[in-house]
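Asker: Contents of data.txt (compact mmCIF, C-alpha atoms and all ligand atoms) are below:
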# COMPACT_ATOMS: atom_id res chain seq x y z
CA MET H 43 29.80 14.95 -57.21
CA GLY H 44 30.92 12.22 -59.65
CA GLU H 45 34.44 10.98 -60.25
CA ARG H 46 37.18 13.24 -61.71
CA PHE H 47 39.57 11.71 -64.30
CA THR H 48 42.69 13.27 -65.78
CA VAL H 49 43.47 12.46 -69.42
CA ASP H 50 45.42 14.09 -72.23
CA VAL H 51 42.50 14.61 -74.62
CA VAL H 52 38.68 14.53 -74.53
CA VAL H 53 36.94 14.01 -77.88
CA VAL H 54 33.24 14.99 -77.95
CA GLY H 55 31.18 12.95 -80.44
CA GLY H 56 31.52 9.30 -81.35
CA GLY H 57 30.59 9.51 -85.04
CA LEU H 58 33.07 8.11 -87.54
CA ALA H 59 35.29 11.17 -87.17
CA GLY H 60 35.39 11.32 -83.35
CA LEU H 61 36.12 7.60 -83.06
CA ALA H 62 38.84 7.82 -85.73
CA MET H 63 40.38 10.80 -83.87
CA THR H 64 40.36 8.85 -80.60
CA THR H 65 42.14 5.80 -82.05
CA ARG H 66 44.67 7.95 -83.95
CA LEU H 67 45.56 10.04 -80.86
CA THR H 68 45.90 6.93 -78.71
CA ALA H 69 48.27 5.45 -81.30
CA ALA H 70 50.27 8.70 -80.98
CA GLY H 71 50.62 7.99 -77.24
CA PHE H 72 47.91 10.22 -75.71
CA SER H 73 45.35 8.97 -73.20
CA THR H 74 42.02 9.83 -74.84
CA VAL H 75 38.37 9.68 -73.77
CA CYS H 76 35.59 9.91 -76.35
CA VAL H 77 32.18 11.04 -75.09
CA GLU H 78 29.17 10.09 -77.24
CA ALA H 79 25.58 11.17 -76.60
CA GLY H 80 24.05 8.11 -78.28
CA PRO H 81 24.25 4.38 -77.54
CA ARG H 82 27.46 2.40 -78.02
CA PRO H 83 27.90 1.32 -81.68
CA SER H 84 26.57 -2.24 -82.02
CA ALA H 85 25.29 -4.57 -84.72
CA GLU H 86 21.86 -3.04 -84.10
CA THR H 87 22.97 0.62 -84.44
CA ALA H 88 25.02 -0.39 -87.51
CA GLU H 89 21.79 -1.57 -89.16
CA ARG H 90 20.19 1.84 -88.53
CA ASP H 91 22.82 4.08 -90.21
CA LYS H 92 22.31 3.62 -93.93
CA ARG H 93 25.08 5.97 -95.06
CA THR H 94 28.11 4.58 -96.81
CA THR H 95 31.34 6.55 -97.05
CA ALA H 96 34.08 6.35 -99.66
CA VAL H 97 37.35 6.48 -97.71
CA LEU H 98 40.11 7.55 -100.12
CA MET H 99 43.69 6.24 -99.80
CA PRO H 100 45.16 9.12 -97.73
CA GLY H 101 42.34 8.56 -95.22
CA VAL H 102 43.00 4.80 -95.25
CA GLU H 103 46.61 5.61 -94.22
CA THR H 104 45.33 7.59 -91.20
CA LEU H 105 43.08 4.70 -90.13
CA ARG H 106 46.01 2.32 -90.62
CA LYS H 107 48.19 4.44 -88.31
CA ALA H 108 45.29 4.33 -85.83
CA GLY H 109 45.47 0.53 -85.91
CA ALA H 110 41.82 0.38 -87.02
CA TRP H 111 42.06 -0.20 -90.74
CA ASP H 112 42.22 -4.01 -90.93
CA ALA H 113 38.95 -4.40 -88.99
CA ILE H 114 37.22 -1.74 -91.13
CA ALA H 115 38.55 -3.22 -94.39
CA ALA H 116 37.07 -6.63 -93.56
CA ASP H 117 33.58 -5.32 -94.50
CA ALA H 118 34.61 -2.69 -97.07
CA GLN H 119 34.60 -2.68 -100.88
CA PRO H 120 37.71 -1.55 -102.81
CA MET H 121 36.95 1.24 -105.32
CA MET H 122 38.78 0.72 -108.61
CA GLY H 123 37.25 3.65 -110.45
CA LEU H 124 34.86 6.57 -110.54
CA ARG H 125 32.51 6.91 -113.50
CA ILE H 126 30.88 10.32 -113.98
CA LEU H 127 27.92 10.49 -116.35
CA ASP H 128 26.35 13.73 -117.51
CA CYS H 129 22.58 13.22 -117.86
CA GLY H 130 21.69 16.91 -117.77
CA GLY H 131 19.77 17.23 -121.03
CA LYS H 132 16.02 17.54 -121.61
CA THR H 133 15.70 13.77 -121.01
CA PRO H 134 17.74 11.73 -118.46
CA ASP H 135 19.80 10.08 -121.26
CA ILE H 136 23.58 9.86 -120.88
CA ARG H 137 25.31 12.77 -122.75
CA GLU H 138 28.90 12.30 -121.52
CA ASP H 139 30.59 9.33 -119.88
CA VAL H 140 34.04 9.62 -118.26
CA LEU H 141 35.75 6.85 -116.31
CA PHE H 142 38.52 7.79 -113.88
CA GLU H 143 40.44 4.57 -113.19
CA ALA H 144 42.63 4.02 -110.13
CA ALA H 145 45.13 2.27 -112.43
CA GLU H 146 45.84 5.68 -114.06
CA LEU H 147 47.45 6.82 -110.80
CA GLY H 148 49.29 3.61 -109.89
CA ASP H 149 48.63 0.22 -108.33
CA GLY H 150 45.74 -0.44 -106.00
CA PRO H 151 42.32 1.15 -105.51
CA PHE H 152 41.32 4.84 -105.09
CA GLY H 153 39.96 3.91 -101.70
CA TRP H 154 37.35 1.76 -100.03
CA ASN H 155 33.62 2.17 -99.58
CA VAL H 156 32.66 1.64 -95.95
CA GLU H 157 29.22 1.25 -94.37
CA ASN H 158 29.15 3.96 -91.67
CA GLY H 159 27.53 1.72 -89.07
CA LYS H 160 30.06 -1.10 -89.51
CA GLY H 161 32.95 1.39 -89.56
CA ARG H 162 31.80 2.91 -86.24
CA LEU H 163 31.48 -0.56 -84.72
CA ALA H 164 35.03 -1.54 -85.78
CA LEU H 165 36.42 1.74 -84.34
CA ALA H 166 34.54 1.32 -81.04
CA ASP H 167 35.90 -2.25 -80.73
CA ARG H 168 39.39 -0.90 -81.36
CA ILE H 169 38.97 1.67 -78.56
CA ASP H 170 37.88 -1.12 -76.17
CA ALA H 171 41.09 -2.99 -76.99
CA LEU H 172 43.33 -0.01 -76.13
CA ASP H 173 44.55 0.64 -72.56
CA LYS H 174 44.80 4.41 -73.02
CA ALA H 175 41.44 4.95 -74.74
CA GLU H 176 37.90 4.93 -73.43
CA LEU H 177 34.49 5.42 -75.04
CA ILE H 178 31.80 6.80 -72.71
CA CYS H 179 28.36 6.50 -74.32
CA GLN H 180 24.95 7.95 -73.49
CA ALA H 181 26.60 10.96 -71.88
CA LYS H 182 26.81 14.58 -73.01
CA ILE H 183 29.13 17.41 -72.11
CA THR H 184 27.06 19.84 -70.08
CA HIS H 185 29.76 22.35 -69.17
CA PHE H 186 33.42 23.15 -69.77
CA MET H 187 35.83 25.69 -68.30
CA THR H 188 39.19 26.67 -69.77
CA ARG H 189 42.25 27.46 -67.66
CA ARG H 190 45.77 28.34 -68.86
CA ASP H 191 47.13 24.77 -68.87
CA ALA H 192 43.98 22.58 -68.82
CA ILE H 193 40.31 22.33 -69.69
CA PHE H 194 37.75 21.00 -67.20
CA VAL H 195 34.75 19.15 -68.59
CA THR H 196 31.55 18.07 -66.83
CA LEU H 197 29.43 15.22 -68.20
CA SER H 198 25.70 14.62 -67.86
CA ASN H 199 26.41 11.39 -65.93
CA GLY H 200 28.05 13.43 -63.17
CA ALA H 201 31.67 12.56 -64.06
CA SER H 202 34.22 15.29 -64.69
CA LEU H 203 37.41 15.25 -66.72
CA ARG H 204 40.55 17.35 -66.75
CA ALA H 205 42.39 17.40 -70.10
CA LYS H 206 44.95 19.35 -72.09
CA LEU H 207 42.76 19.47 -75.19
CA LEU H 208 39.04 19.21 -75.97
CA ILE H 209 38.24 18.16 -79.54
CA ALA H 210 34.77 18.91 -80.91
CA ALA H 211 33.64 16.14 -83.27
CA ASP H 212 30.00 16.61 -82.28
CA GLY H 213 28.58 17.14 -85.73
CA ARG H 214 27.18 20.04 -87.70
CA ASN H 215 25.12 21.46 -84.80
CA SER H 216 28.18 21.35 -82.54
CA PHE H 217 27.44 22.30 -78.93
CA ILE H 218 31.15 22.89 -78.28
CA ARG H 219 31.48 25.25 -81.28
CA GLU H 220 28.48 27.30 -80.15
CA THR H 221 29.48 27.40 -76.47
CA ALA H 222 33.06 28.40 -77.36
CA ASN H 223 31.57 31.26 -79.41
CA ILE H 224 33.13 30.14 -82.67
CA GLY H 225 30.86 31.48 -85.39
CA HIS H 226 29.80 29.57 -88.49
CA ARG H 227 28.07 30.14 -91.81
CA ASP H 228 25.52 27.76 -93.21
CA TRP H 229 23.29 27.66 -96.23
CA GLU H 230 20.90 25.18 -97.78
CA PHE H 231 20.27 24.29 -101.42
CA GLY H 232 16.51 23.62 -101.26
CA GLN H 233 17.53 20.04 -101.91
CA LYS H 234 17.24 16.75 -100.03
CA ILE H 235 19.46 13.67 -100.00
CA ILE H 236 17.87 10.22 -100.14
CA ALA H 237 20.15 7.33 -99.14
CA CYS H 238 19.33 3.62 -99.48
CA ARG H 239 20.88 0.24 -100.33
CA VAL H 240 20.13 -1.60 -103.57
CA SER H 241 21.00 -4.93 -105.13
CA HIS H 242 21.34 -5.13 -108.92
CA SER H 243 21.73 -7.70 -111.67
CA GLN H 244 25.08 -6.48 -113.06
CA ALA H 245 28.43 -6.45 -111.26
CA HIS H 246 29.76 -2.97 -110.37
CA ASP H 247 33.42 -4.09 -110.75
CA GLY H 248 34.37 -1.78 -107.88
CA ILE H 249 33.35 1.31 -109.91
CA SER H 250 31.48 4.13 -108.16
CA THR H 251 29.00 5.73 -110.60
CA GLU H 252 27.96 9.39 -110.18
CA MET H 253 25.17 10.44 -112.59
CA HIS H 254 24.59 14.20 -112.89
CA HIS H 255 20.87 14.60 -113.50
CA VAL H 256 18.98 17.91 -113.58
CA GLY H 257 18.21 18.58 -109.89
CA GLY H 258 21.16 16.73 -108.39
CA PRO H 259 23.52 13.76 -108.62
CA LEU H 260 22.54 10.12 -108.29
CA THR H 261 25.46 8.04 -106.98
CA PHE H 262 25.87 4.26 -106.76
CA ALA H 263 28.77 3.51 -104.40
CA PRO H 264 29.91 -0.13 -104.63
CA LEU H 265 29.43 -2.49 -101.68
CA PRO H 266 30.50 -6.15 -101.43
CA GLY H 267 28.56 -8.41 -103.86
CA ASN H 268 26.12 -7.04 -106.43
CA SER H 269 24.96 -4.30 -104.12
CA SER H 270 25.51 -0.55 -103.81
CA GLY H 271 24.84 2.34 -101.47
CA VAL H 272 22.69 4.94 -103.25
CA VAL H 273 22.82 8.68 -102.62
CA TRP H 274 20.23 10.59 -104.64
CA MET H 275 19.92 14.37 -104.38
CA ASN H 276 16.85 16.22 -105.66
CA PRO H 277 15.09 19.57 -105.18
CA ASP H 278 12.84 19.45 -102.10
CA ALA H 279 9.50 18.93 -103.87
CA GLU H 280 10.82 16.10 -106.08
CA ALA H 281 12.61 14.47 -103.11
CA ASP H 282 9.40 14.61 -101.05
CA ARG H 283 7.50 12.96 -103.91
CA LEU H 284 10.11 10.19 -104.17
CA ILE H 285 10.14 9.59 -100.41
CA ASP H 286 6.36 9.17 -100.38
CA LEU H 287 6.41 6.48 -103.09
CA ASP H 288 6.02 2.83 -102.06
CA ASP H 289 9.07 0.56 -102.48
CA ASP H 290 8.07 -0.74 -105.92
CA ALA H 291 7.32 2.67 -107.38
CA PHE H 292 10.56 4.07 -105.91
CA ARG H 293 12.53 1.18 -107.41
CA GLU H 294 11.00 1.90 -110.85
CA GLU H 295 11.99 5.60 -110.63
CA LEU H 296 15.51 4.58 -109.65
CA GLN H 297 15.61 2.11 -112.54
CA ASP H 298 14.62 4.86 -115.02
CA HIS H 299 17.16 7.35 -113.68
CA SER H 300 19.95 4.73 -113.48
CA GLN H 301 19.79 4.22 -117.28
CA ASN H 302 20.50 0.51 -116.62
CA VAL H 303 24.15 1.21 -115.72
CA LEU H 304 23.94 -1.65 -113.19
CA GLY H 305 21.30 -3.70 -115.03
CA GLN H 306 18.06 -4.32 -113.15
CA ILE H 307 17.66 -2.75 -109.71
CA GLU H 308 16.36 -5.82 -107.87
CA THR H 309 15.80 -4.71 -104.28
CA VAL H 310 15.71 -1.36 -102.48
CA GLN H 311 16.19 -1.26 -98.72
CA ASP H 312 15.90 1.31 -95.99
CA ARG H 313 15.36 4.72 -97.50
CA ALA H 314 16.57 7.58 -95.26
CA VAL H 315 16.61 11.31 -95.91
CA TRP H 316 18.88 14.29 -95.09
CA THR H 317 18.79 18.02 -95.89
CA SER H 318 21.49 19.13 -98.32
CA ALA H 319 23.45 21.98 -96.74
CA ILE H 320 26.87 23.45 -96.20
CA CYS H 321 28.08 24.53 -92.78
CA VAL H 322 31.55 25.98 -92.26
CA ALA H 323 33.06 27.29 -89.02
CA LYS H 324 34.63 30.76 -89.07
CA GLY H 325 37.55 29.49 -86.97
CA LEU H 326 38.88 26.06 -85.97
CA THR H 327 40.12 26.73 -82.46
CA ALA H 328 39.54 28.44 -79.13
CA PRO H 329 41.87 28.16 -76.11
CA ARG H 330 42.38 24.39 -75.44
CA ILE H 331 39.68 23.54 -78.04
CA ALA H 332 39.92 22.28 -81.66
CA LEU H 333 37.04 21.68 -84.07
CA ILE H 334 37.23 18.77 -86.50
CA ALA H 335 34.96 17.09 -89.07
CA GLU H 336 31.32 18.16 -89.38
CA ALA H 337 31.67 20.47 -86.36
CA ALA H 338 34.05 22.44 -88.62
CA HIS H 339 32.73 21.70 -92.14
CA ALA H 340 29.71 19.79 -93.44
CA PHE H 341 29.06 19.34 -97.17
CA PRO H 342 26.47 17.63 -99.35
CA PRO H 343 27.78 14.16 -100.35
CA ILE H 344 29.21 14.99 -103.76
CA GLY H 345 32.71 13.95 -104.81
CA ALA H 346 33.30 11.95 -101.57
CA GLN H 347 34.73 15.02 -99.79
CA GLY H 348 33.02 14.99 -96.35
CA PHE H 349 34.67 12.31 -94.25
CA ASN H 350 37.90 12.47 -96.25
CA THR H 351 38.29 16.15 -95.34
CA SER H 352 37.60 15.10 -91.72
CA LEU H 353 40.35 12.48 -91.85
CA ARG H 354 42.78 15.20 -92.98
CA ASP H 355 41.78 17.18 -89.84
CA VAL H 356 42.46 14.03 -87.77
CA GLU H 357 45.86 13.40 -89.36
CA THR H 358 47.01 17.04 -89.15
CA LEU H 359 46.02 17.46 -85.49
CA ALA H 360 47.44 14.09 -84.39
CA GLY H 361 50.62 14.68 -86.44
CA LEU H 362 51.19 18.08 -84.78
CA ALA H 363 50.31 16.77 -81.31
CA GLU H 364 52.73 13.86 -81.49
CA GLN H 365 55.62 16.31 -81.90
CA ALA H 366 54.77 18.02 -78.58
CA ASP H 367 54.20 17.24 -74.90
CA ASP H 368 51.13 19.44 -74.67
CA PRO H 369 48.63 18.60 -77.46
CA GLY H 370 46.45 21.62 -76.59
CA SER H 371 49.11 24.33 -76.47
CA ALA H 372 48.43 27.63 -78.22
CA ASP H 373 51.23 26.89 -80.69
CA ILE H 374 49.79 23.50 -81.76
CA LEU H 375 46.29 24.96 -82.14
CA LYS H 376 47.56 27.89 -84.18
CA ARG H 377 49.46 25.57 -86.52
CA TYR H 378 46.44 23.25 -86.83
CA ALA H 379 44.17 26.14 -87.90
CA ARG H 380 46.78 27.54 -90.29
CA GLN H 381 47.30 24.16 -91.98
CA ARG H 382 43.63 23.10 -92.24
CA MET H 383 41.62 26.27 -92.96
CA PRO H 384 42.79 26.84 -96.58
CA ASP H 385 41.95 23.23 -97.56
CA ILE H 386 38.55 23.39 -95.81
CA LEU H 387 37.63 26.67 -97.54
CA ALA H 388 38.80 25.39 -100.95
CA ARG H 389 36.73 22.16 -100.58
CA THR H 390 33.71 24.19 -99.40
CA VAL H 391 33.84 26.44 -102.48
CA GLY H 392 34.49 23.44 -104.79
CA VAL H 393 31.58 21.37 -103.44
CA ASP H 394 29.27 24.42 -103.45
CA LEU H 395 30.05 25.27 -107.09
CA LEU H 396 29.84 21.65 -108.26
CA ASN H 397 26.50 21.12 -106.51
CA ARG H 398 25.06 24.38 -107.89
CA SER H 399 26.17 23.51 -111.43
CA VAL H 400 24.55 20.04 -111.19
CA LEU H 401 21.42 21.51 -109.55
CA SER H 402 21.08 24.24 -112.18
CA SER H 403 18.27 23.92 -114.69
CA VAL H 404 19.85 26.62 -116.91
CA GLY H 405 20.73 24.94 -120.20
CA PHE H 406 24.00 26.71 -120.95
CA VAL H 407 25.38 26.11 -117.41
CA ARG H 408 24.69 22.41 -117.88
CA ASP H 409 26.23 22.44 -121.35
CA ILE H 410 29.40 24.15 -120.10
CA ARG H 411 29.72 21.59 -117.31
CA ARG H 412 29.17 18.74 -119.76
CA ALA H 413 31.80 20.17 -122.14
CA GLY H 414 34.26 20.58 -119.22
CA LEU H 415 33.74 16.97 -118.19
CA GLY H 416 34.32 15.82 -121.79
CA VAL H 417 37.57 17.81 -122.11
CA LEU H 418 38.75 16.48 -118.73
CA GLY H 419 38.04 12.91 -119.84
CA ARG H 420 40.08 13.33 -123.05
CA THR H 421 43.08 15.18 -121.61
CA ALA H 422 45.25 12.75 -119.65
CA PRO H 423 47.31 15.26 -117.57
CA ALA H 424 44.19 17.27 -116.61
CA LYS H 425 42.39 14.04 -115.73
CA GLN H 426 45.24 12.87 -113.49
CA PHE H 427 45.47 16.31 -111.87
CA ALA H 428 41.70 16.27 -111.10
CA MET H 429 42.02 12.76 -109.61
CA ARG H 430 44.88 13.86 -107.34
CA ILE H 431 42.92 16.93 -106.14
CA GLY H 432 39.86 14.74 -105.48
CA MET H 433 42.03 12.37 -103.44
CA GLY H 434 43.19 15.28 -101.28
CA GLY H 435 46.52 15.98 -102.99
C1 LIG S 501 23.89 10.37 -97.31
C2 LIG S 501 25.32 10.73 -96.98
C3 LIG S 501 26.36 10.15 -97.70
C4 LIG S 501 27.69 10.50 -97.43
N1 LIG S 501 28.70 9.95 -98.19
C5 LIG S 501 30.00 10.34 -97.99
C6 LIG S 501 31.07 9.80 -98.79
O1 LIG S 501 30.88 8.98 -99.68
N2 LIG S 501 32.35 10.20 -98.51
C7 LIG S 501 32.62 11.10 -97.52
O2 LIG S 501 33.81 11.44 -97.32
N3 LIG S 501 31.63 11.61 -96.71
C8 LIG S 501 30.32 11.25 -96.94
N4 LIG S 501 29.32 11.77 -96.16
C9 LIG S 501 29.66 12.55 -94.98
C10 LIG S 501 30.01 11.56 -93.83
O3 LIG S 501 28.95 10.63 -93.65
C11 LIG S 501 30.27 12.31 -92.53
O4 LIG S 501 31.28 13.26 -92.77
C12 LIG S 501 30.77 11.30 -91.49
O5 LIG S 501 29.69 10.47 -91.12
C13 LIG S 501 31.40 11.91 -90.28
O6 LIG S 501 30.51 12.64 -89.53
P1 LIG S 501 30.96 13.21 -88.11
O7 LIG S 501 31.57 12.13 -87.28
O8 LIG S 501 31.72 14.47 -88.29
O9 LIG S 501 29.53 13.66 -87.52
P2 LIG S 501 28.30 12.78 -87.03
O10 LIG S 501 28.21 11.49 -87.76
O11 LIG S 501 27.12 13.71 -87.07
O12 LIG S 501 28.68 12.44 -85.53
C14 LIG S 501 28.56 13.37 -84.47
C15 LIG S 501 28.35 12.57 -83.19
O13 LIG S 501 28.39 13.46 -82.09
C16 LIG S 501 27.41 13.07 -81.14
N5 LIG S 501 27.08 14.26 -80.35
C17 LIG S 501 26.44 15.39 -80.75
N6 LIG S 501 26.38 16.27 -79.74
C18 LIG S 501 27.01 15.71 -78.67
C19 LIG S 501 27.29 16.12 -77.33
N7 LIG S 501 26.91 17.34 -76.88
N8 LIG S 501 27.95 15.29 -76.49
C20 LIG S 501 28.35 14.06 -76.93
N9 LIG S 501 28.12 13.60 -78.21
C21 LIG S 501 27.46 14.42 -79.05
C22 LIG S 501 26.25 12.55 -81.99
O14 LIG S 501 25.44 11.64 -81.26
C23 LIG S 501 27.00 11.86 -83.13
O15 LIG S 501 27.22 10.49 -82.90
C24 LIG S 501 27.98 11.45 -96.41
C25 LIG S 501 26.92 12.04 -95.68
C26 LIG S 501 25.60 11.70 -95.98
C27 LIG S 501 24.47 12.37 -95.21
Mind converting the file's structure to structure tokens?

Answerer:
Amino acid sequence: MGERFTVDVVVVGGGLAGLAMTTRLTAAGFSTVCVEAGPRPSAETAERDKRTTAVLMPGVETLRKAGAWDAIAADAQPMMGLRILDCGGKTPDIREDVLFEAAELGDGPFGWNVENGKGRLALADRIDALDKAELICQAKITHFMTRRDAIFVTLSNGASLRAKLLIAADGRNSFIRETANIGHRDWEFGQKIIACRVSHSQAHDGISTEMHHVGGPLTFAPLPGNSSGVVWMNPDAEADRLIDLDDDAFREELQDHSQNVLGQIETVQDRAVWTSAICVAKGLTAPRIALIAEAAHAFPPIGAQGFNTSLRDVETLAGLAEQADDPGSADILKRYARQRMPDILARTVGVDLLNRSVLSSVGFVRDIRRAGLGVLGRTAPAKQFAMRIGMGG
């Protein structure tokens, strides 16, 4: 028998979302343990995760309340605009070009682009600095048992924990979601996501560029210096062909599809690949359990919705918990589900429709989408409304 600890909350999963949840709950006064199956985030693990994530301003506020924002911001790039280009004609030429500028909504940037690996490292360091938080790595939850006023959790390292609330932030194949018998729906698009880093000859000026090509979007998310994180979505066969190319040939393809929006693509580093899919849980809670982030909703990376939706889960749950003594009471969990589910379902439908319309090879669907983008770009109130919705408003 290992040791038994009593804490307020156990968070399962030390991805960006689980670590953010842990720091935010600790700032709200709860003793919180985060259990992560993988190694502790380090400079080495940071090098391995090639994803970058656009954290929009409402999410920045949550990380600020968690006391983690300054350390994350040190390596992040402010995003001053989002440029959407329609390239959905017979050739990859630009047919429509709309720039959404942060200045249209007020002072300051839309948000900041963060390298996932560096963000996780900053959050893990923050947890180490907090008395009431702990990160246990290379351990999994093997078993949990719910009682009326507590949940008992057993870890693979032999330790056991008693808590008032168990939060599942263990990703799209969530063990907690499955074991708690919370159903989910998932579907794929026959599409893969290639992510990599590039350097380029022209400055990005803090603008994120999303190019809607036939088959999927190609996004350049700005990073410090003349470099960007690339997310390129394509139907499976085309993605497989691109992945198999050597670095030079891949760089040339990227150059062609980028239409020189950032000048010459000079270097391409570290290609990685994901399957494009949606996964959405049918419920967000079970007794003493709450699902957040990709355990509750996973989207293809289009419109920067994934992690930002997760940060709204974090803020809602922490905000409700800090008004109560018992963060896992039935009342708190009911209010959490009621407040988050409509937003999650709306974002799921929005991302699904947007991805299908970009993926579509049907000419008139592409032409309608292009026309819609053009009207949006020329109608100031509609443009501002779309920006506020995208930001989570
Ligand atoms: C290419 C790409 C680009 C993206 N770009 C954006 C973007 O610009 N903006 C945006 O908002 N979102 C973006 N996203 C989504 C974003 O990256 C994720 O939402 C974000 O990383 C948070 O994921 P997570 O913490 O929920 O899950 P994960 O990162 O999957 O973390 C889950 C963690 O749980 C651990 N775990 C699993 N099972 C167990 C267990 N039983 N016990 C203990 N630990 C366990 C895993 O080891 C893992 O560390 C992108 C995604 C991709 C693939």

Asker: Mind listing the residues within 6 Å of ligand LIG 501 (chain S), only C-alpha atoms and all ligand atoms counted, as a tab-separated table (two decimals) with C-alpha atoms, in the frame of the given file?

Answerer:
chain	number	residue	atom	x	y	z
H	54	VAL	CA	33.24	14.99	-77.95
H	55	GLY	CA	31.18	12.95	-80.44
H	56	GLY	CA	31.52	9.30	-81.35
H	57	GLY	CA	30.59	9.51	-85.04
H	58	LEU	CA	33.07	8.11	-87.54
H	59	ALA	CA	35.29	11.17	-87.17
H	60	GLY	CA	35.39	11.32	-83.35
H	77	VAL	CA	32.18	11.04	-75.09
H	78	GLU	CA	29.17	10.09	-77.24
H	79	ALA	CA	25.58	11.17	-76.60
H	80	GLY	CA	24.05	8.11	-78.28
H	93	ARG	CA	25.08	5.97	-95.06
H	94	THR	CA	28.11	4.58	-96.81
H	95	THR	CA	31.34	6.55	-97.05
H	96	ALA	CA	34.08	6.35	-99.66
H	182	LYS	CA	26.81	14.58	-73.01
H	183	ILE	CA	29.13	17.41	-72.11
H	211	ALA	CA	33.64	16.14	-83.27
H	212	ASP	CA	30.00	16.61	-82.28
H	213	GLY	CA	28.58	17.14	-85.73
H	217	PHE	CA	27.44	22.30	-78.93
H	237	ALA	CA	20.15	7.33	-99.14
H	273	VAL	CA	22.82	8.68	-102.62
H	316	TRP	CA	18.88	14.29	-95.09
H	335	ALA	CA	34.96	17.09	-89.07
H	336	GLU	CA	31.32	18.16	-89.38
H	343	PRO	CA	27.78	14.16	-100.35
H	346	ALA	CA	33.30	11.95	-101.57
H	347	GLN	CA	34.73	15.02	-99.79
H	348	GLY	CA	33.02	14.99	-96.35
H	349	PHE	CA	34.67	12.31	-94.25
H	350	ASN	CA	37.90	12.47	-96.25

Asker: Taking all atoms listed in the file into account, name the residue in H:Asp91, H:Asp228, H:Glu157, H:Glu294 that is nearest to Ala323 of chain H.

Answerer: H:Asp228

Asker: For the atom pair atom CA of Arg377 of chain H and atom CA of Leu362 of chain H, what is the interatomic distance in Å to one decimal place?

Answerer: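 Spanning atom CA of Arg377 of chain H to atom CA of Leu362 of chain H is a straight-line distance of 7.9 Å.
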
Asker: Take the point (43.2, 4.8, -104.0) as written in the file and pick out every residue within 8 Å of it, counting all atoms listed in the file; give the list as a list of chain:residue names.

Answerer: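 Protein and nucleic acid residues near the point are H:Leu98, H:Met99, H:Pro100, H:Met121, H:Met122, H:Ala144, H:Gly150, H:Pro151, H:Phe152, H:Gly153, H:Trp154, H:Met433.
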
Asker: Atom CA of Val356 of chain H and atom CA of Met63 of chain H, how far apart in Å?

Answerer: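 Atom CA of Val356 of chain H lies at a distance of 5.5 Å from atom CA of Met63 of chain H.
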
Asker: Taking (34.5, -4.0, -79.0) in the file's own coordinates, collect the residues within 12 Å, counting all atoms listed in the file, and hand them back as a list in words.

Answerer: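 Every polymer residue passing the test: Arg82, Pro83, Ser84, Ala85, Ala110, Ala113, Lys160, Gly161, Arg162, Leu163, Ala164, Leu165, Ala166, Asp167, Arg168, Ile169, Asp170, Ala171, Leu172, Glu176 and Leu177 of chain H.
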
Asker: Which neighbours of segment 367-375 of chain H fall inside 9 Å, counting only C-alpha atoms, when residues of the same chain fewer than 3 positions from it are skipped, and could you give them as an MDAnalysis selection string?

Answerer: chainID H and resid 50:51 72 191:192 205:208 326:332 359:360 362:364 378:380

Asker: Rank H:Ile235, H:Ala115, H:Cys321, H:Val393 by their smallest atom-to-atom distance to Ile285 of chain H, using all atoms listed in the file, and report the top residue only.

Answerer: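 Of all the options, H:Ile235 lies closest to Ile285 of chain H.
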
Asker: I'd like the neighbourhood of segment 256-260 of chain H as an NGL selection string, where a residue qualifies if any of its atoms comes within 10 Å (using all atoms listed in the file), though same-chain residues fewer than 5 positions away should be ignored.

Answerer: :H and (126-134 or 233-237 or 251 or 272-278 or 280-281 or 296 or 299-300 or 343-345 or 396-405 or 408)

Asker: Would you mind reading off the distance between atom CA of Arg46 of chain H and atom CA of Ile193 of chain H, one decimal, in Å?

Answerer: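 Between atom CA of Arg46 of chain H and atom CA of Ile193 of chain H the gap is 12.5 Å.
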
Asker: Ranking H:Asp173, H:Lys324, H:Ser202, H:Leu265 by minimum distance to His226 of chain H and counting all atoms listed in the file, which one comes first?

Answerer: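 Smallest separation from His226 of chain H among the options: H:Lys324.
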
Asker: Nearest to Leu197 of chain H: which of H:Val75, H:Ala62, H:Ala69, H:Lys92 is it, counting all atoms listed in the file?

Answerer: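 Of the candidates, the smallest distance to Leu197 of chain H is held by H:Val75.
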
Asker: Smallest atom-to-atom distance to Thr68 of chain H: which of H:Thr390, H:Thr309, H:Ala175, H:Leu304, using all atoms listed in the file?

Answerer: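 The closest residue to Thr68 of chain H is H:Ala175.
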
Asker: Using all atoms listed in the file, can you tell me which of H:Arg389, H:Asp117, H:Gly232, H:Lys174 comes closest to Ala279 of chain H?

Answerer: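 That would be H:Gly232, the residue with the smallest distance to Ala279 of chain H.
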
Asker: With a distance cut-off of 8 Å and only C-alpha atoms, select the neighbouring residues of Thr104 of chain H, excluding the residue or stretch itself and same-chain residues fewer than 5 positions from it, and output the selection as a PDB file with C-alpha atoms, in the frame of the given file.

Answerer:
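Wrote selection_11.pdb, looks like this:
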ATOM      1  CA  ARG H  66      44.670   7.950 -83.950  1.00  0.00           C
ATOM      2  CA  LEU H 353      40.350  12.480 -91.850  1.00  0.00           C
ATOM      3  CA  VAL H 356      42.460  14.030 -87.770  1.00  0.00           C
ATOM      4  CA  GLU H 357      45.860  13.400 -89.360  1.00  0.00           C
TER       5      GLU H 357
END

Asker: Please report, as CSV, each residue of segment 264-349 of chain H lying at most 6 Å from segment 242-249 of chain H, together with the nearest pair of atoms and the separation in Å rounded to one decimal; use only C-alpha atoms, and order rows by chain and ascending residue number.

Answerer:
residue,atom,partner,partner_atom,distance
H:Pro264,CA,H:Gly248,CA,5.8
H:Asn268,CA,H:Ala245,CA,5.4
H:Leu304,CA,H:Gln244,CA,5.0
H:Gly305,CA,H:Gln244,CA,5.1
H:Gln306,CA,H:Ser243,CA,5.2
H:Ile307,CA,H:His242,CA,4.5
H:Glu308,CA,H:His242,CA,5.1
